[in-house]
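Below you'll find the structure, written out as structure tokens, and then a few comments.
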Amino acid sequence: MMVRSWTECDLDELCSRAKVFGFDLDNTLASSKQPMKPPMIERFSALTSCATVALISGGSMAVVTSQVLDVLAPTANRANLHVMPTSGSRYYRWDAAESRWGLVYSHDLDPETVAAIESSLERHARELGLWEAKTWGPRIENRGSQITFSACGQYAPVEVKQAWDPDNTRKHALAEAVRADLPDLKIRAGGYSSVDVSKHGMDKAYAVRSLAAALNIDPGRILFTGDRMGPGGNDYPAVEAGAMGMRVTDPQDALGLMDALLARLHPGHGLSSSR
């Protein structure tokens with residue numbers, strides 16, 4: 001199934017069908033591991049004030065918090081926001097009484113499994129020559145319900161991550177090697193330079209199905225936007241689960257989409273002209 005750029009889609013039709021507007025985070029709403037920029041903060045916050053919004057990210061809750069939740073504008077309606085980090089293996093909703101994000105569910109890995117995953121990732125990365133000498137942050141991160149190997153480090157610049165494995169062969173070689181050690185777990189190429197390990201079924205398809213069940217809607221009423229929406233991309237499982245899909249190239253492109261959505265959903269909202 002080919003997912004088209006948002007500029008090639010009939011937004012009037014999609015907005016009329018959608019009950020939930022879902023978004024990837026890294027390289028969609030914000031640059032990798034960086035907070036949303038002020039124009040996106042304004043648009044994203046405005047969207048939560050007029051629509052049900054879901055944030056489905058492969059990142060940890062701590063990273064999602066720093067990139068999005070801590071920078072929301074005062075106009076944001078947190079009650080309309082569904083937060084699903086680690087590819088939907090965790091789910092949070094705003095608890096107004098406690099003024100905090102409350103955990104709805106989590107599918108955390110036990111300590112023995114975590115140790116086995118981390119050992120396999122490091123051993124095979126070293127064997128395959130993927131244990132880079134220079135990194136930005138930790139190579140292996142325990143996100144509770146997901147272990148992520150980032151060859152260049154969790155906080156590497158986007159351009160470094162993009163250049164590390166342009167044809168995806170290095171990530172897939174590592175995933176195959178680890179899969180042989182851990183056949184009972186889901187191992188998949190994640191972002192530009194990462195491999196994710198979790199329980200089977202824990203991906204953005206699971207997030208879409210779980211969200212649809214929680215809201216008692218069909219997955220086809222969820223409109224999901226991401227930058228890696230081709231087959232094999234870590235956003236594509238959302239479409240495989242039945243969500244409507246749109247593709248953006250980067251946060252600047254996503255900003256144009258936000259303006260187009262708000263023009264249809266919140267026409268009275270006054271947007272700043274700065275991008």
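Chains: A, B, ... in order of the structure tokens. Residues: from 1 per chain. Ligands: from 1, in order shown.
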Selection: 9 Å around Ala205 (chain A), only C-alpha atoms, excl. self and same-chain fewer than 4 positions, as a VMD selection string: chain A and resid 87 to 88 201 209 to 210 235 to 243
Give me, as a Markdown table, each residue of region 154-208 of chain A that comes within 12 Å of region 75-84 of chain A, together with its shortest interatomic pair and the distance in Å at one decimal, counting only C-alpha atoms, with rows ordered by chain and rising residue number.
| residue | atom | partner | partner_atom | distance |
| --- | --- | --- | --- | --- |
| A:Met202 | CA | A:Met84 | CA | 11.3 |
| A:Asp203 | CA | A:Met84 | CA | 10.5 |
| A:Lys204 | CA | A:Met84 | CA | 9.1 |
| A:Ala205 | CA | A:Met84 | CA | 11.7 |
| A:Tyr206 | CA | A:Met84 | CA | 10.3 |
| A:Ala207 | CA | A:Met84 | CA | 7.0 |
| A:Val208 | CA | A:Met84 | CA | 9.6 |
All alpha helix (DSSP H) positions in region 117-181 of chain A, as a VMD selection string: chain A and resid 117 to 127 158 to 164 169 to 181
Writer output for current selection, C-alpha atoms, as a compact mmCIF listing (two decimals), in the first residue's frame:
# COMPACT_ATOMS: atom_id res chain seq x y z
CA ILE A 117 18.72 -8.29 24.83
CA GLU A 118 21.46 -5.85 25.81
CA SER A 119 24.10 -8.59 25.70
CA SER A 120 23.01 -9.80 22.26
CA LEU A 121 22.87 -6.29 20.80
CA GLU A 122 26.34 -5.36 21.99
CA ARG A 123 27.96 -8.67 21.00
CA HIS A 124 26.56 -8.70 17.48
CA ALA A 125 27.13 -4.97 16.94
CA ARG A 126 30.79 -5.47 17.79
CA GLU A 127 31.05 -8.57 15.57
CA VAL A 158 19.89 13.77 12.28
CA GLU A 159 22.33 14.09 9.39
CA VAL A 160 24.72 11.65 11.09
CA LYS A 161 21.94 9.11 11.61
CA GLN A 162 20.73 9.46 8.02
CA ALA A 163 24.22 8.91 6.61
CA TRP A 164 25.04 5.88 8.75
CA THR A 169 21.62 -3.09 5.22
CA ARG A 170 23.54 -2.51 8.46
CA LYS A 171 20.42 -2.28 10.62
CA HIS A 172 18.89 -5.37 9.01
CA ALA A 173 22.11 -7.38 9.49
CA LEU A 174 22.11 -6.57 13.20
CA ALA A 175 18.39 -7.31 13.53
CA GLU A 176 18.84 -10.72 11.86
CA ALA A 177 21.76 -11.63 14.12
CA VAL A 178 19.90 -10.66 17.30
CA ARG A 179 16.73 -12.40 16.10
CA ALA A 180 18.62 -15.70 15.99
CA ASP A 181 19.44 -15.28 19.70
Strand (DSSP E or B) per DSSP on the backbone: members of region 25-209 of chain A, as a ChimeraX atom specification: /A:26,30,53-56,81-84,90-95,100-106,140-142,146-150,185-189,194-199
Which of A:Leu255, A:Val195, A:Leu103, A:Val20 sits closest to Cys50 (chain A) [using only C-alpha atoms]: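 Of all the options, A:Val20 lies closest to Cys50 (chain A).
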Two-atom distance - CA of Phe21 (chain A), CA of Tyr91 (chain A) (Å):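 For CA of Phe21 (chain A) relative to CA of Tyr91 (chain A), the distance reads 16.0 Å.
Pairwise distance (CA of Asp110 (chain A), CA of Asn234 (chain A)) equals 23.9 Å.
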